[in-house]
file input_28.cif (mmCIF, C-alpha atoms)
data_work
#
loop_
_atom_site.group_PDB
_atom_site.id
_atom_site.type_symbol
_atom_site.label_atom_id
_atom_site.label_comp_id
_atom_site.auth_asym_id
_atom_site.auth_seq_id
_atom_site.Cartn_x
_atom_site.Cartn_y
_atom_site.Cartn_z
ATOM 1 C CA MET U 1 103.462 65.464 20.300
ATOM 2 C CA SER U 2 102.835 68.964 21.812
ATOM 3 C CA GLU U 3 105.521 71.084 23.415
ATOM 4 C CA PRO U 4 105.545 71.485 27.291
ATOM 5 C CA ARG U 5 103.952 74.759 28.605
ATOM 6 C CA ASP U 6 106.054 77.536 30.232
ATOM 7 C CA PRO U 7 105.192 77.834 33.947
ATOM 8 C CA SER U 8 106.094 81.643 34.039
ATOM 9 C CA ALA U 9 103.520 82.593 31.464
ATOM 10 C CA GLU U 10 100.389 84.495 32.551
ATOM 11 C CA PRO U 11 97.361 82.478 33.075
ATOM 12 C CA VAL U 12 95.056 82.570 30.185
ATOM 13 C CA GLU U 13 91.582 83.813 30.900
ATOM 14 C CA PRO U 14 89.007 81.463 30.072
ATOM 15 C CA SER U 15 87.219 82.408 26.911
ATOM 16 C CA VAL U 16 83.868 81.380 28.163
ATOM 17 C CA GLU U 17 81.904 83.801 30.348
ATOM 18 C CA PRO U 18 80.259 82.378 33.416
ATOM 19 C CA VAL U 19 76.628 81.629 32.998
ATOM 20 C CA GLU U 20 74.188 83.498 35.160
ATOM 21 C CA PRO U 21 72.095 81.326 37.360
ATOM 22 C CA VAL U 22 68.681 80.604 35.951
ATOM 23 C CA GLU U 23 65.643 81.404 37.979
ATOM 24 C CA PRO U 24 63.735 78.362 38.929
ATOM 25 C CA VAL U 25 60.702 77.783 36.804
ATOM 26 C CA GLU U 26 57.376 77.129 38.390
ATOM 27 C CA PRO U 27 56.232 73.693 37.827
ATOM 28 C CA ILE U 28 53.519 73.366 35.255
ATOM 29 C CA GLU U 29 50.253 71.932 36.416
ATOM 30 C CA PRO U 30 49.535 68.665 34.809
ATOM 31 C CA VAL U 31 46.929 68.887 32.115
ATOM 32 C CA GLU U 32 44.028 66.520 32.329
ATOM 33 C CA PRO U 33 43.897 64.263 29.363
ATOM 34 C CA VAL U 34 41.057 65.049 26.974
ATOM 35 C CA GLU U 35 38.828 62.150 26.018
ATOM 36 C CA PRO U 36 38.722 61.770 22.337
ATOM 37 C CA THR U 37 35.366 62.497 20.753
ATOM 38 C CA ALA U 38 33.835 60.925 17.724
ATOM 39 C CA GLU U 39 34.185 64.186 15.934
ATOM 40 C CA SER U 40 37.774 64.472 16.739
ATOM 41 C CA GLU U 41 38.349 60.969 15.587
ATOM 42 C CA THR U 42 36.613 61.534 12.315
ATOM 43 C CA THR U 43 38.134 64.877 11.720
ATOM 44 C CA ALA U 44 41.587 63.914 12.679
ATOM 45 C CA GLU U 45 43.795 63.972 9.779
ATOM 46 C CA VAL U 46 45.699 60.817 9.268
ATOM 47 C CA PRO U 47 48.796 61.054 7.292
ATOM 48 C CA VAL U 48 48.143 59.232 4.121
ATOM 49 C CA GLN U 49 50.906 57.269 2.784
ATOM 50 C CA PRO U 50 50.898 56.220 -0.750
ATOM 51 C CA VAL U 51 49.777 52.589 -0.879
ATOM 52 C CA GLU U 52 50.554 50.439 -3.732
ATOM 53 C CA THR U 53 47.375 48.972 -5.259
ATOM 54 C CA PRO U 54 47.594 45.210 -5.170
ATOM 55 C CA ALA U 55 46.990 43.324 -8.319
ATOM 56 C CA ALA U 56 43.379 42.261 -8.919
ATOM 57 C CA PRO U 57 42.748 38.817 -7.398
ATOM 58 C CA PRO U 58 42.054 36.038 -9.831
ATOM 59 C CA GLU U 59 38.392 35.360 -10.494
ATOM 60 C CA PRO U 60 37.019 32.557 -8.316
ATOM 61 C CA PRO U 61 36.144 29.380 -10.147
ATOM 62 C CA ALA U 62 32.585 29.229 -11.369
ATOM 63 C CA LEU U 63 30.266 27.721 -8.776
ATOM 64 C CA PRO U 64 28.684 24.422 -9.727
ATOM 65 C CA PRO U 65 25.025 24.741 -10.683
ATOM 66 C CA PRO U 66 22.661 24.221 -7.747
ATOM 67 C CA ARG U 67 21.640 20.596 -7.417
ATOM 68 C CA ARG U 68 18.040 19.854 -8.095
ATOM 69 C CA ARG U 69 16.354 18.503 -5.046
ATOM 70 C CA THR U 70 13.259 17.362 -6.899
ATOM 71 C CA GLY U 71 14.183 13.718 -6.593
ATOM 72 C CA ARG U 72 14.763 13.805 -2.870
ATOM 73 C CA LEU U 73 11.629 15.884 -2.386
ATOM 74 C CA LEU U 74 9.494 13.458 -4.369
ATOM 75 C CA ALA U 75 10.954 10.415 -2.630
ATOM 76 C CA GLY U 76 10.284 11.960 0.756
ATOM 77 C CA ILE U 77 6.713 12.925 -0.111
ATOM 78 C CA LEU U 78 5.953 9.458 -1.465
ATOM 79 C CA LEU U 79 7.374 7.750 1.604
ATOM 80 C CA VAL U 80 5.395 10.011 3.941
ATOM 81 C CA LEU U 81 2.216 9.417 1.943
ATOM 82 C CA LEU U 82 2.797 5.675 1.985
ATOM 83 C CA GLY U 83 3.258 5.702 5.723
ATOM 84 C CA VAL U 84 0.215 7.872 6.378
ATOM 85 C CA ALA U 85 -1.977 5.759 4.101
ATOM 86 C CA TRP U 86 -0.735 2.570 5.694
ATOM 87 C CA LEU U 87 -1.410 3.951 9.175
ATOM 88 C CA LEU U 88 -4.899 5.196 8.316
ATOM 89 C CA GLU U 89 -5.789 1.869 6.784
ATOM 90 C CA ALA U 90 -4.378 -0.026 9.756
ATOM 91 C CA LEU U 91 -6.603 2.092 12.010
ATOM 92 C CA ASP U 92 -9.611 1.405 9.744
ATOM 93 C CA VAL U 93 -10.038 5.127 9.128
ATOM 94 C CA VAL U 94 -10.019 4.913 5.351
ATOM 95 C CA GLU U 95 -9.505 2.280 2.693
ATOM 96 C CA PHE U 96 -6.647 3.478 0.556
ATOM 97 C CA PRO U 97 -6.715 2.794 -3.228
ATOM 98 C CA TRP U 98 -3.366 1.018 -3.412
ATOM 99 C CA ASP U 99 -4.252 -0.432 -6.807
ATOM 100 C CA VAL U 100 -4.100 3.052 -8.286
ATOM 101 C CA PHE U 101 -1.651 4.752 -5.940
ATOM 102 C CA LEU U 102 1.329 2.442 -6.452
ATOM 103 C CA PRO U 103 1.288 2.442 -10.279
ATOM 104 C CA GLY U 104 0.691 6.182 -10.174
ATOM 105 C CA ALA U 105 3.701 6.637 -7.904
ATOM 106 C CA LEU U 106 5.818 4.574 -10.293
ATOM 107 C CA ILE U 107 4.772 6.736 -13.253
ATOM 108 C CA LEU U 108 5.584 9.877 -11.267
ATOM 109 C CA VAL U 109 9.016 8.559 -10.297
ATOM 110 C CA GLY U 110 9.726 7.740 -13.942
ATOM 111 C CA ALA U 111 8.659 11.182 -15.115
ATOM 112 C CA VAL U 112 10.860 12.961 -12.567
ATOM 113 C CA LEU U 113 13.796 10.737 -13.511
ATOM 114 C CA VAL U 114 13.401 11.627 -17.174
ATOM 115 C CA VAL U 115 13.226 15.341 -16.379
ATOM 116 C CA ASN U 116 16.173 15.237 -13.976
ATOM 117 C CA SER U 117 18.302 13.174 -16.342
ATOM 118 C CA ARG U 118 19.241 16.427 -18.113
ATOM 119 C CA THR U 119 21.130 17.619 -15.046
ATOM 120 C CA GLY U 120 23.525 14.726 -15.279
ATOM 121 C CA ALA U 121 23.382 14.340 -11.505
ATOM 122 C CA SER U 122 23.063 10.969 -9.849
ATOM 123 C CA GLN U 123 19.486 9.840 -9.235
ATOM 124 C CA GLY U 124 20.247 6.791 -7.119
ATOM 125 C CA GLY U 125 17.480 7.341 -4.572
ATOM 126 C CA LEU U 126 14.729 7.675 -7.149
ATOM 127 C CA MET U 127 16.073 4.731 -9.126
ATOM 128 C CA ALA U 128 15.981 2.597 -5.979
ATOM 129 C CA LEU U 129 12.446 3.734 -5.184
ATOM 130 C CA GLY U 130 11.337 2.934 -8.737
ATOM 131 C CA ILE U 131 12.884 -0.516 -8.581
ATOM 132 C CA VAL U 132 11.177 -1.276 -5.251
ATOM 133 C CA LEU U 133 7.802 -0.141 -6.609
ATOM 134 C CA THR U 134 8.288 -2.192 -9.771
ATOM 135 C CA VAL U 135 9.144 -5.333 -7.810
ATOM 136 C CA VAL U 136 6.145 -4.893 -5.489
ATOM 137 C CA LEU U 137 3.775 -4.363 -8.415
ATOM 138 C CA PHE U 138 5.311 -7.219 -10.365
ATOM 139 C CA ILE U 139 4.840 -9.624 -7.472
ATOM 140 C CA GLY U 140 1.329 -8.318 -6.948
ATOM 141 C CA THR U 141 0.504 -8.931 -10.590
ATOM 142 C CA ALA U 142 2.259 -12.264 -10.828
ATOM 143 C CA ILE U 143 0.327 -13.763 -7.941
ATOM 144 C CA ASP U 144 -2.764 -11.583 -8.417
ATOM 145 C CA PHE U 145 -2.200 -10.049 -5.025
ATOM 146 C CA PRO U 146 -4.923 -7.616 -3.939
ATOM 147 C CA LEU U 147 -2.807 -4.776 -2.571
ATOM 148 C CA GLY U 148 -5.650 -3.276 -0.581
ATOM 149 C CA GLY U 149 -7.301 -6.414 0.699
ATOM 150 C CA GLY U 150 -6.041 -6.413 4.251
ATOM 151 C CA VAL U 151 -4.711 -9.188 6.418
ATOM 152 C CA GLY U 152 -6.418 -11.747 8.656
ATOM 153 C CA GLU U 153 -9.351 -14.106 8.692
ATOM 154 C CA ARG U 154 -12.557 -12.843 7.174
ATOM 155 C CA SER U 155 -15.970 -14.402 6.635
ATOM 156 C CA VAL U 156 -18.694 -12.709 4.608
ATOM 157 C CA THR U 157 -22.297 -13.734 4.054
ATOM 158 C CA PRO U 158 -23.912 -11.555 1.416
ATOM 159 C CA LEU U 159 -27.710 -11.523 1.608
ATOM 160 C CA THR U 160 -28.363 -9.900 -1.750
ATOM 161 C CA LEU U 161 -27.063 -10.494 -5.247
ATOM 162 C CA GLU U 162 -26.045 -6.879 -5.548
ATOM 163 C CA ARG U 163 -23.731 -7.226 -2.584
ATOM 164 C CA ALA U 164 -22.327 -10.493 -3.893
ATOM 165 C CA GLU U 165 -21.599 -8.946 -7.277
ATOM 166 C CA GLU U 166 -19.475 -6.222 -5.669
ATOM 167 C CA GLY U 167 -16.757 -8.815 -5.113
ATOM 168 C CA PHE U 168 -14.523 -9.776 -2.199
ATOM 169 C CA GLU U 169 -10.790 -9.710 -1.626
ATOM 170 C CA LEU U 170 -8.203 -10.314 1.050
ATOM 171 C CA GLY U 171 -4.452 -9.716 0.970
ATOM 172 C CA ILE U 172 -3.173 -12.378 3.319
ATOM 173 C CA GLY U 173 -5.222 -14.868 5.335
ATOM 174 C CA GLN U 174 -8.415 -16.851 4.955
ATOM 175 C CA LEU U 175 -11.500 -15.521 3.233
ATOM 176 C CA THR U 176 -14.784 -17.413 3.422
ATOM 177 C CA VAL U 177 -17.625 -16.302 1.163
ATOM 178 C CA ASP U 178 -20.887 -17.974 2.139
ATOM 179 C CA LEU U 179 -23.438 -17.558 -0.643
ATOM 180 C CA SER U 180 -25.979 -19.849 0.952
ATOM 181 C CA GLY U 181 -27.554 -16.871 2.665
ATOM 182 C CA LEU U 182 -28.744 -15.243 -0.555
ATOM 183 C CA ALA U 183 -32.357 -14.199 -0.069
ATOM 184 C CA SER U 184 -33.496 -15.229 -3.521
ATOM 185 C CA ALA U 185 -32.242 -17.578 -6.154
ATOM 186 C CA PRO U 186 -30.502 -15.732 -8.942
ATOM 187 C CA GLY U 187 -32.534 -15.510 -12.100
ATOM 188 C CA GLY U 188 -32.535 -13.645 -15.361
ATOM 189 C CA ASP U 189 -30.852 -14.179 -18.666
ATOM 190 C CA GLU U 190 -27.330 -13.538 -17.478
ATOM 191 C CA PRO U 191 -25.705 -15.370 -14.595
ATOM 192 C CA ALA U 192 -24.722 -13.305 -11.585
ATOM 193 C CA LEU U 193 -20.969 -12.689 -11.671
ATOM 194 C CA VAL U 194 -19.220 -13.061 -8.319
ATOM 195 C CA ARG U 195 -15.498 -12.368 -7.998
ATOM 196 C CA ALA U 196 -13.290 -13.175 -5.028
ATOM 197 C CA ARG U 197 -9.551 -13.263 -4.627
ATOM 198 C CA VAL U 198 -6.925 -13.786 -1.958
ATOM 199 C CA GLY U 199 -3.254 -12.875 -2.257
ATOM 200 C CA ILE U 200 -1.710 -15.429 0.025
ATOM 201 C CA GLY U 201 -3.859 -17.901 1.936
ATOM 202 C CA GLN U 202 -7.123 -19.722 1.457
ATOM 203 C CA LEU U 203 -10.322 -18.796 -0.337
ATOM 204 C CA VAL U 204 -13.419 -20.812 0.516
ATOM 205 C CA VAL U 205 -16.706 -20.265 -1.311
ATOM 206 C CA ILE U 206 -19.912 -21.964 -0.182
ATOM 207 C CA VAL U 207 -22.720 -22.148 -2.754
ATOM 208 C CA PRO U 208 -26.289 -23.063 -1.916
ATOM 209 C CA ASP U 209 -27.728 -26.400 -2.942
ATOM 210 C CA GLY U 210 -29.798 -26.384 -6.097
ATOM 211 C CA VAL U 211 -28.053 -23.383 -7.609
ATOM 212 C CA ILE U 212 -26.312 -24.033 -10.907
ATOM 213 C CA VAL U 213 -22.834 -22.584 -10.954
ATOM 214 C CA ARG U 214 -19.936 -22.156 -13.291
ATOM 215 C CA VAL U 215 -16.549 -21.836 -11.589
ATOM 216 C CA GLU U 216 -13.276 -20.472 -12.887
ATOM 217 C CA GLY U 217 -10.576 -20.960 -10.256
ATOM 218 C CA LYS U 218 -6.959 -19.771 -10.553
ATOM 219 C CA ALA U 219 -3.901 -20.174 -8.361
ATOM 220 C CA GLY U 220 -0.465 -18.731 -9.035
ATOM 221 C CA LEU U 221 1.019 -21.371 -6.819
ATOM 222 C CA GLY U 222 -1.163 -23.866 -4.980
ATOM 223 C CA ASN U 223 -4.436 -25.803 -5.331
ATOM 224 C CA VAL U 224 -7.835 -25.209 -6.855
ATOM 225 C CA LYS U 225 -10.584 -27.527 -5.604
ATOM 226 C CA VAL U 226 -14.101 -27.295 -7.056
ATOM 227 C CA PHE U 227 -16.429 -29.884 -5.573
ATOM 228 C CA GLU U 228 -14.817 -33.183 -6.529
ATOM 229 C CA ARG U 229 -12.296 -31.803 -9.004
ATOM 230 C CA GLU U 230 -8.889 -30.626 -7.901
ATOM 231 C CA GLU U 231 -5.726 -29.346 -9.561
ATOM 232 C CA GLY U 232 -2.478 -28.125 -8.088
ATOM 233 C CA GLY U 233 0.888 -26.690 -9.057
ATOM 234 C CA ILE U 234 2.047 -23.480 -10.650
ATOM 235 C CA ASP U 235 -0.288 -21.202 -12.627
ATOM 236 C CA VAL U 236 -3.294 -23.437 -12.064
ATOM 237 C CA ASP U 237 -6.418 -22.587 -14.046
ATOM 238 C CA LEU U 238 -9.413 -24.851 -13.429
ATOM 239 C CA VAL U 239 -12.757 -24.200 -15.125
ATOM 240 C CA VAL U 240 -15.822 -26.226 -14.162
ATOM 241 C CA GLU U 241 -18.803 -25.633 -16.386
ATOM 242 C CA SER U 242 -22.351 -26.132 -15.236
ATOM 243 C CA ALA U 243 -23.658 -29.671 -15.475
ATOM 244 C CA GLY U 244 -25.304 -30.513 -18.789
ATOM 245 C CA GLY U 245 -24.361 -27.164 -20.351
ATOM 246 C CA VAL U 246 -27.279 -25.441 -18.689
ATOM 247 C CA GLU U 247 -27.122 -21.704 -18.273
ATOM 248 C CA PRO U 248 -25.673 -21.186 -14.759
ATOM 249 C CA ASP U 249 -27.247 -19.029 -12.086
ATOM 250 C CA LEU U 250 -23.890 -17.984 -10.633
ATOM 251 C CA ASP U 251 -20.596 -17.399 -12.422
ATOM 252 C CA LEU U 252 -17.768 -17.568 -9.900
ATOM 253 C CA ARG U 253 -14.353 -16.082 -10.753
ATOM 254 C CA LEU U 254 -12.036 -17.055 -7.951
ATOM 255 C CA SER U 255 -8.306 -16.634 -7.630
ATOM 256 C CA VAL U 256 -5.516 -16.975 -5.126
ATOM 257 C CA GLY U 257 -1.890 -15.924 -5.538
ATOM 258 C CA ILE U 258 -0.308 -18.485 -3.292
ATOM 259 C CA GLY U 259 -2.597 -20.922 -1.475
ATOM 260 C CA GLU U 260 -5.846 -22.691 -2.145
ATOM 261 C CA VAL U 261 -9.237 -22.053 -3.712
ATOM 262 C CA SER U 262 -12.037 -24.273 -2.484
ATOM 263 C CA VAL U 263 -15.684 -24.355 -3.632
ATOM 264 C CA GLU U 264 -18.180 -26.365 -1.598
ATOM 265 C CA ARG U 265 -21.893 -26.943 -1.403
ATOM 266 C CA GLY U 266 -23.604 -25.498 1.617
ATOM 267 C CA MET D 1 28.542 24.501 -22.626
ATOM 268 C CA GLY D 2 26.869 21.185 -23.495
ATOM 269 C CA GLU D 3 24.519 19.452 -21.087
ATOM 270 C CA THR D 4 25.484 16.191 -19.488
ATOM 271 C CA VAL D 5 22.667 13.687 -19.705
ATOM 272 C CA ASN D 6 22.322 10.954 -17.129
ATOM 273 C CA ARG D 7 21.451 8.111 -19.498
ATOM 274 C CA ALA D 8 20.714 5.647 -16.720
ATOM 275 C CA ALA D 9 18.145 8.009 -15.227
ATOM 276 C CA LEU D 10 16.664 8.655 -18.664
ATOM 277 C CA VAL D 11 16.299 4.985 -19.581
ATOM 278 C CA GLY D 12 15.207 3.979 -16.090
ATOM 279 C CA GLY D 13 12.627 6.758 -15.986
ATOM 280 C CA ALA D 14 11.176 5.746 -19.335
ATOM 281 C CA PHE D 15 10.997 2.147 -18.169
ATOM 282 C CA PHE D 16 9.213 3.106 -14.943
ATOM 283 C CA ILE D 17 6.678 5.167 -16.859
ATOM 284 C CA VAL D 18 5.846 2.296 -19.227
ATOM 285 C CA ALA D 19 5.739 -0.238 -16.400
ATOM 286 C CA GLY D 20 3.573 2.046 -14.271
ATOM 287 C CA VAL D 21 1.063 2.527 -17.071
ATOM 288 C CA LEU D 22 0.877 -1.243 -17.676
ATOM 289 C CA PHE D 23 0.405 -1.997 -13.980
ATOM 290 C CA LEU D 24 -2.207 0.732 -13.680
ATOM 291 C CA LEU D 25 -4.197 -0.615 -16.630
ATOM 292 C CA ASP D 26 -4.012 -4.068 -15.117
ATOM 293 C CA ARG D 27 -5.163 -2.852 -11.720
ATOM 294 C CA ILE D 28 -8.158 -0.956 -13.034
ATOM 295 C CA GLY D 29 -9.145 -3.959 -15.141
ATOM 296 C CA ALA D 30 -8.450 -2.542 -18.590
ATOM 297 C CA PHE D 31 -6.632 -5.732 -19.434
ATOM 298 C CA ASP D 32 -5.140 -8.711 -17.670
ATOM 299 C CA LEU D 33 -1.387 -8.736 -17.178
ATOM 300 C CA GLU D 34 -0.283 -12.306 -16.808
ATOM 301 C CA LEU D 35 2.987 -13.548 -15.420
ATOM 302 C CA ARG D 36 3.859 -15.364 -18.642
ATOM 303 C CA VAL D 37 3.550 -12.058 -20.469
ATOM 304 C CA VAL D 38 4.948 -9.685 -17.858
ATOM 305 C CA ALA D 39 8.115 -11.657 -17.131
ATOM 306 C CA PRO D 40 9.422 -11.698 -20.737
ATOM 307 C CA ILE D 41 8.507 -8.050 -21.195
ATOM 308 C CA LEU D 42 10.444 -7.136 -18.081
ATOM 309 C CA LEU D 43 13.396 -9.169 -19.295
ATOM 310 C CA ILE D 44 13.342 -7.514 -22.724
ATOM 311 C CA THR D 45 13.072 -4.069 -21.166
ATOM 312 C CA LEU D 46 15.869 -4.800 -18.744
ATOM 313 C CA GLY D 47 18.117 -5.913 -21.589
ATOM 314 C CA ALA D 48 17.264 -2.825 -23.604
ATOM 315 C CA ALA D 49 17.962 -0.631 -20.576
ATOM 316 C CA VAL D 50 21.374 -2.241 -20.131
ATOM 317 C CA LEU D 51 22.192 -1.757 -23.809
ATOM 318 C CA LEU D 52 21.006 1.825 -24.033
ATOM 319 C CA GLY D 53 22.312 2.818 -20.621
ATOM 320 C CA GLY D 54 25.814 1.613 -21.465
ATOM 321 C CA ARG D 55 26.144 3.589 -24.686
ATOM 322 C CA ARG D 56 28.353 6.629 -24.566
ATOM 323 C CA PRO D 57 27.038 9.772 -26.197
ATOM 324 C CA ALA D 58 28.861 10.744 -29.376
ATOM 325 C CA ALA D 59 31.602 13.303 -28.927
#
call {"tool": "encode", "arguments": {"input": "input_28.cif", "output": "structure tokens"}}
result
Amino acid sequence: MSEPRDPSAEPVEPSVEPVEPVEPVEPIEPVEPVEPTAESETTAEVPVQPVETPAAPPEPPALPPPRRRTGRLLAGILLVLLGVAWLLEALDVVEFPWDVFLPGALILVGAVLVVNSRTGASQGGLMALGIVLTVVLFIGTAIDFPLGGGVGERSVTPLTLERAEEGFELGIGQLTVDLSGLASAPGGDEPALVRARVGIGQLVVIVPDGVIVRVEGKAGLGNVKVFEREEGGIDVDLVVESAGGVEPDLDLRLSVGIGEVSVERG
Amino acid sequence: MGETVNRAALVGGAFFIVAGVLFLLDRIGAFDLELRVVAPILLITLGAAVLLGGRRPAA
């Protein structure tokens, strides 16, 4: 503890001199802020701090190889072509060669499948398209279905042998071929060959009286009736030779997939 | 890196090519495909496709 001060002692001058009063300072006018310019921004020096370089990122996994779109492209083109051909034929604009187009499409599908098999990718769409085409063609072959024959009821009366020898066909319906209108009786060494076929339905052929004919009638499933002879069932094949073994004037090759073949005298 | 072969696509494609050629020849009249011939051929081909398609390539 400190000792108590003597009250008789002289007062001690303060060791600190009094401070003179300071003249008031004029207030400083506020400075307008300066808009930063691009130059100033670019030239401004930014304190650079040492940055630690991060470790190199791991390499991204290798991207899978781009999928080949050949299969989808081909399937789409074939479907569009099928639709367009179907529409044009329905509007009677053109008669499309289905007999060649469908097998050709199947070959093309097979070729693309073989080529794309190296990618290892799934080819389900093309496989399905190939199976559908195969089934359609198989049914068409099994029942001798004319793919481009059309649908409905049709009656034709050829007036010349040349027209008759071009043949007749119908997809689904009834086809009547009336040969009694031929202008002249067929002659010559060889009989005139007339073919007609119907996919599903009835085929009726009318031959003129007095003309010697040979008939070969087939039916995948159904009946074949040639004058008085008739056979029915599955895979029917009825051949009626000309009477007495005489050289025929007309050789008729008639077939129906499912239905009936009928040959009558006019 | 070895290529992965899709055997089903390979066998199926070969089958479609053969079938397409046969159907085409039939349609243009080169020869007559009959049901009694086509059906067994299809069955044989289908069996072969199942056998070949199920085989695993050698390691």
call {"tool": "residues_around", "arguments": {"input": "input_28.cif", "residues": "stretch 121-124 of chain U", "least_positions_apart": "2", "cutoff": "7 Å", "atoms": "all atoms listed in the file", "output": "VMD selection string"}}
result
(chain U and resid 119 126 to 128) or (chain D and resid 6 9)
call {"tool": "resolve_selection", "arguments": {"input": "input_28.cif", "expression": "the PyMOL selection byres ((chain U) within 7 of (chain D))", "output": "NGL selection string"}}
result
:U and (99-100 or 103-104 or 106-107 or 109-111 or 113-114 or 117-121 or 123 or 130 or 137 or 141-142)
call {"tool": "residues_near_point", "arguments": {"input": "input_28.cif", "point": "(-23.8, -18.8, -17.1)", "cutoff": "10 Å", "atoms": "all atoms listed in the file", "output": "list in words"}}
result
Asp189, Glu190, Pro191, Ala192, Leu193, Ile212, Val213, Arg214, Val215, Glu241, Ser242, Gly245, Val246, Glu247, Pro248, Asp249, Leu250, Asp251 and Leu252 of chain U
call {"tool": "resolve_selection", "arguments": {"input": "input_28.cif", "expression": "the PyMOL selection byres ((chain U and resi 181) around 12)", "output": "number ranges by chain"}}
result
U: 156-161, 163-164, 177-180, 182-185, 206-209, 266
call {"tool": "write_last_selection", "arguments": {"input": "input_28.cif", "atoms": "C-alpha atoms", "output": "compact mmCIF listing (two decimals), in the coordinates of the input"}}
result
# COMPACT_ATOMS: atom_id res chain seq x y z
CA VAL U 156 -18.69 -12.71 4.61
CA THR U 157 -22.30 -13.73 4.05
CA PRO U 158 -23.91 -11.56 1.42
CA LEU U 159 -27.71 -11.52 1.61
CA THR U 160 -28.36 -9.90 -1.75
CA LEU U 161 -27.06 -10.49 -5.25
CA ARG U 163 -23.73 -7.23 -2.58
CA ALA U 164 -22.33 -10.49 -3.89
CA VAL U 177 -17.62 -16.30 1.16
CA ASP U 178 -20.89 -17.97 2.14
CA LEU U 179 -23.44 -17.56 -0.64
CA SER U 180 -25.98 -19.85 0.95
CA LEU U 182 -28.74 -15.24 -0.56
CA ALA U 183 -32.36 -14.20 -0.07
CA SER U 184 -33.50 -15.23 -3.52
CA ALA U 185 -32.24 -17.58 -6.15
CA ILE U 206 -19.91 -21.96 -0.18
CA VAL U 207 -22.72 -22.15 -2.75
CA PRO U 208 -26.29 -23.06 -1.92
CA ASP U 209 -27.73 -26.40 -2.94
CA GLY U 266 -23.60 -25.50 1.62
call {"tool": "residues_around", "arguments": {"input": "input_28.cif", "residues": "U:Phe168", "least_positions_apart": "3", "cutoff": "7 Å", "atoms": "all atoms listed in the file", "output": "ChimeraX atom specification"}}
result
/U:195-197
call {"tool": "closest_residue", "arguments": {"input": "input_28.cif", "among": "U:Val135, U:Val204, U:Gly152, U:Glu216", "to": "U:Arg265", "atoms": "only C-alpha atoms"}}
result
U:Val204
call {"tool": "resolve_selection", "arguments": {"input": "input_28.cif", "expression": "the PyMOL selection byres ((chain U and resi 151) around 6)", "output": "ChimeraX atom specification"}}
result
/U:150,152,171-173
call {"tool": "atom_distance", "arguments": {"input": "input_28.cif", "atom1": "atom CA of U:Gly222", "atom2": "atom CA of U:Glu153"}}
result
18.7 Å
call {"tool": "atom_distance", "arguments": {"input": "input_28.cif", "atom1": "atom CA of U:Ile200", "atom2": "atom CA of U:Glu165"}}
result
22.2 Å
call {"tool": "residues_around", "arguments": {"input": "input_28.cif", "residues": "U:Leu81", "least_positions_apart": "4", "cutoff": "12 Å", "atoms": "only C-alpha atoms", "output": "MDAnalysis selection string"}}
result
chainID U and resid 74:77 85:88 96 98 101:102 105
call {"tool": "write_last_selection", "arguments": {"input": "input_28.cif", "atoms": "C-alpha atoms", "output": "compact mmCIF listing (two decimals), in the frame of the given file"}}
result
# COMPACT_ATOMS: atom_id res chain seq x y z
CA LEU U 74 9.49 13.46 -4.37
CA ALA U 75 10.95 10.42 -2.63
CA GLY U 76 10.28 11.96 0.76
CA ILE U 77 6.71 12.92 -0.11
CA ALA U 85 -1.98 5.76 4.10
CA TRP U 86 -0.74 2.57 5.69
CA LEU U 87 -1.41 3.95 9.18
CA LEU U 88 -4.90 5.20 8.32
CA PHE U 96 -6.65 3.48 0.56
CA TRP U 98 -3.37 1.02 -3.41
CA PHE U 101 -1.65 4.75 -5.94
CA LEU U 102 1.33 2.44 -6.45
CA ALA U 105 3.70 6.64 -7.90
call {"tool": "closest_residue", "arguments": {"input": "input_28.cif", "among": "U:Ala243, U:Leu108, U:Leu238, U:Ile143", "to": "U:Val256", "atoms": "all atoms listed in the file"}}
result
U:Ile143
call {"tool": "atom_distance", "arguments": {"input": "input_28.cif", "atom1": "atom CA of U:Phe138", "atom2": "atom CA of U:Ala90"}}
result
23.5 Å
